[in-house]
Amino acid sequence: MESQKWFKQLVVAVFFVSGLMLNVGVMKSSAETISKDENIESMESYDFSTPETISKDENIESMESNDIAIPVVSEEEIESGYMNDGTELPDKFIVNSNDNTNPLLRSATLGTEKWTKESTTREISNDFIAWHPDWSEYQYNISFYYFSKSTMSFSASVGYGYFSISVAKAGSSGQGIEADPKKWTRPGVYGNVDVTKYNVKKYNGAGIYTGSTTKYISNASSTYVKSRNK
């Protein structure tokens, strides 16, 4: 009886030790698995390729749309072909539609345009550009047309959009031009017209590049008034 009792206690002890070792093995295996998962998650969470890509894109965008060295030109100055101080338009400039004061010239989509000059072509050289706006028709038996010292501006077109021309107003003093009284005559504006081609990059209101196009600006120079026969 004593031997049987001792044998049962031995069997229970063996099973207890075996169960304890099994539990420890399971816990160790779980711990190793969690540790590996944590390492994998750590590597995936700190992938540096995405932040580098974003940083590069931001640098390119800021260089394209926020270059403070480029002068800002109004759309009214583009229409005239000259800056407000009378100088020629720069080779590179920015047009901000948000700042434009003329509602007829305001872009449908507010944003910014970056203009870069590509070439300039002489469209008219010391020749007829347009009729003087003070005379709407030909005149007969006129020997002189007189003009005042004050000037006026009007728009003309030679195929690349409208541009502004400044000429002397009709008047009784200042200057005069000869005309043939035996012919039908009418004062015309003569001079040079240059057409400049620009590459235009467009950005929306948020400064994001949206595309590019080609635009032309015409401007007149060395203008004068001359009688033109019918």
# chains A, B, ... in the order shown; residues from 1 in each chain; ligands from 1
call {"tool": "residues_around", "arguments": {"residues": "stretch 71-82 of chain A", "least_positions_apart": "5", "cutoff": "7 Å", "atoms": "only C-alpha atoms", "output": "MDAnalysis selection string"}}
result
chainID A and resid 87:89 93:95 100 105 163:164 217:219
call {"tool": "residues_around", "arguments": {"residues": "stretch 191-200 of chain A", "least_positions_apart": "3", "cutoff": "9 Å", "atoms": "only C-alpha atoms", "output": "count of residues only"}}
result
36
call {"tool": "atom_distance", "arguments": {"atom1": "atom CA of A:Lys202", "atom2": "atom CA of A:Asp85"}}
result
26.2 Å
call {"tool": "residues_around", "arguments": {"residues": "A:Tyr138", "least_positions_apart": "3", "cutoff": "8 Å", "atoms": "only C-alpha atoms", "output": "list in words"}}
result
Trp135, Trp184, Thr185, Arg186 and Lys230 of chain A
call {"tool": "atom_distance", "arguments": {"atom1": "atom CA of A:Ala170", "atom2": "atom CA of A:Gly86"}}
result
23.1 Å
call {"tool": "residues_around", "arguments": {"residues": "A:Ser148", "least_positions_apart": "5", "cutoff": "6 Å", "atoms": "only C-alpha atoms", "output": "ChimeraX atom specification"}}
result
/A:169-171,173-174
call {"tool": "atom_distance", "arguments": {"atom1": "atom CA of A:Ser150", "atom2": "atom CA of A:Val189"}}
result
15.8 Å
call {"tool": "closest_residue", "arguments": {"among": "A:Thr210, A:Asn96, A:Thr151, A:Gln139", "to": "A:Gln175", "atoms": "only C-alpha atoms"}}
result
A:Thr151
call {"tool": "decode", "arguments": {"residues": "stretch 73-96 of chain A", "atoms": "N, CA and C atoms", "output": "short mmCIF file (atom, residue, chain, number, x, y, z; two decimals), in the first residue's frame"}}
result
data_model
loop_
_atom_site.label_atom_id
_atom_site.label_comp_id
_atom_site.auth_asym_id
_atom_site.auth_seq_id
_atom_site.Cartn_x
_atom_site.Cartn_y
_atom_site.Cartn_z
N VAL A 73 3.83 91.84 -62.97
CA VAL A 73 3.30 92.74 -64.00
C VAL A 73 1.78 92.62 -64.01
N SER A 74 1.09 93.74 -64.16
CA SER A 74 -0.37 93.71 -64.21
C SER A 74 -0.84 93.35 -65.61
N GLU A 75 -2.07 92.88 -65.72
CA GLU A 75 -2.61 92.52 -67.03
C GLU A 75 -2.85 93.77 -67.88
N GLU A 76 -3.06 94.92 -67.25
CA GLU A 76 -3.17 96.17 -68.00
C GLU A 76 -1.85 96.52 -68.68
N GLU A 77 -0.73 96.25 -67.99
CA GLU A 77 0.59 96.50 -68.59
C GLU A 77 0.85 95.54 -69.75
N ILE A 78 0.38 94.30 -69.62
CA ILE A 78 0.52 93.35 -70.72
C ILE A 78 -0.26 93.82 -71.94
N GLU A 79 -1.47 94.34 -71.71
CA GLU A 79 -2.28 94.82 -72.83
C GLU A 79 -1.59 95.96 -73.56
N SER A 80 -0.93 96.85 -72.83
CA SER A 80 -0.26 97.98 -73.47
C SER A 80 1.08 97.59 -74.07
N GLY A 81 1.68 96.50 -73.58
CA GLY A 81 2.98 96.08 -74.08
C GLY A 81 4.14 96.77 -73.40
N TYR A 82 3.84 97.63 -72.41
CA TYR A 82 4.88 98.38 -71.70
C TYR A 82 4.54 98.42 -70.21
N MET A 83 5.58 98.63 -69.40
CA MET A 83 5.38 98.85 -67.98
C MET A 83 4.77 100.24 -67.77
N ASN A 84 4.25 100.48 -66.58
CA ASN A 84 3.62 101.77 -66.28
C ASN A 84 4.61 102.93 -66.36
N ASP A 85 5.91 102.66 -66.18
CA ASP A 85 6.91 103.72 -66.27
C ASP A 85 7.42 103.93 -67.69
N GLY A 86 6.82 103.23 -68.67
CA GLY A 86 7.20 103.40 -70.07
C GLY A 86 8.28 102.47 -70.57
N THR A 87 8.88 101.69 -69.68
CA THR A 87 9.92 100.75 -70.10
C THR A 87 9.29 99.48 -70.69
N GLU A 88 10.12 98.70 -71.40
CA GLU A 88 9.64 97.47 -72.00
C GLU A 88 9.38 96.41 -70.93
N LEU A 89 8.51 95.46 -71.26
CA LEU A 89 8.25 94.36 -70.34
C LEU A 89 9.52 93.54 -70.12
N PRO A 90 9.75 93.04 -68.91
CA PRO A 90 10.95 92.23 -68.66
C PRO A 90 10.88 90.89 -69.38
N ASP A 91 12.02 90.22 -69.51
CA ASP A 91 12.07 88.93 -70.19
C ASP A 91 11.34 87.83 -69.41
N LYS A 92 11.20 88.03 -68.11
CA LYS A 92 10.51 87.04 -67.27
C LYS A 92 9.73 87.80 -66.21
N PHE A 93 8.46 87.48 -66.04
CA PHE A 93 7.65 88.17 -65.05
C PHE A 93 6.48 87.29 -64.61
N ILE A 94 5.81 87.73 -63.55
CA ILE A 94 4.67 87.01 -62.99
C ILE A 94 3.42 87.88 -63.10
N VAL A 95 2.31 87.26 -63.49
CA VAL A 95 1.03 87.94 -63.55
C VAL A 95 0.11 87.30 -62.51
N ASN A 96 -0.36 88.12 -61.57
CA ASN A 96 -1.24 87.63 -60.51
C ASN A 96 -2.66 88.07 -60.80
#
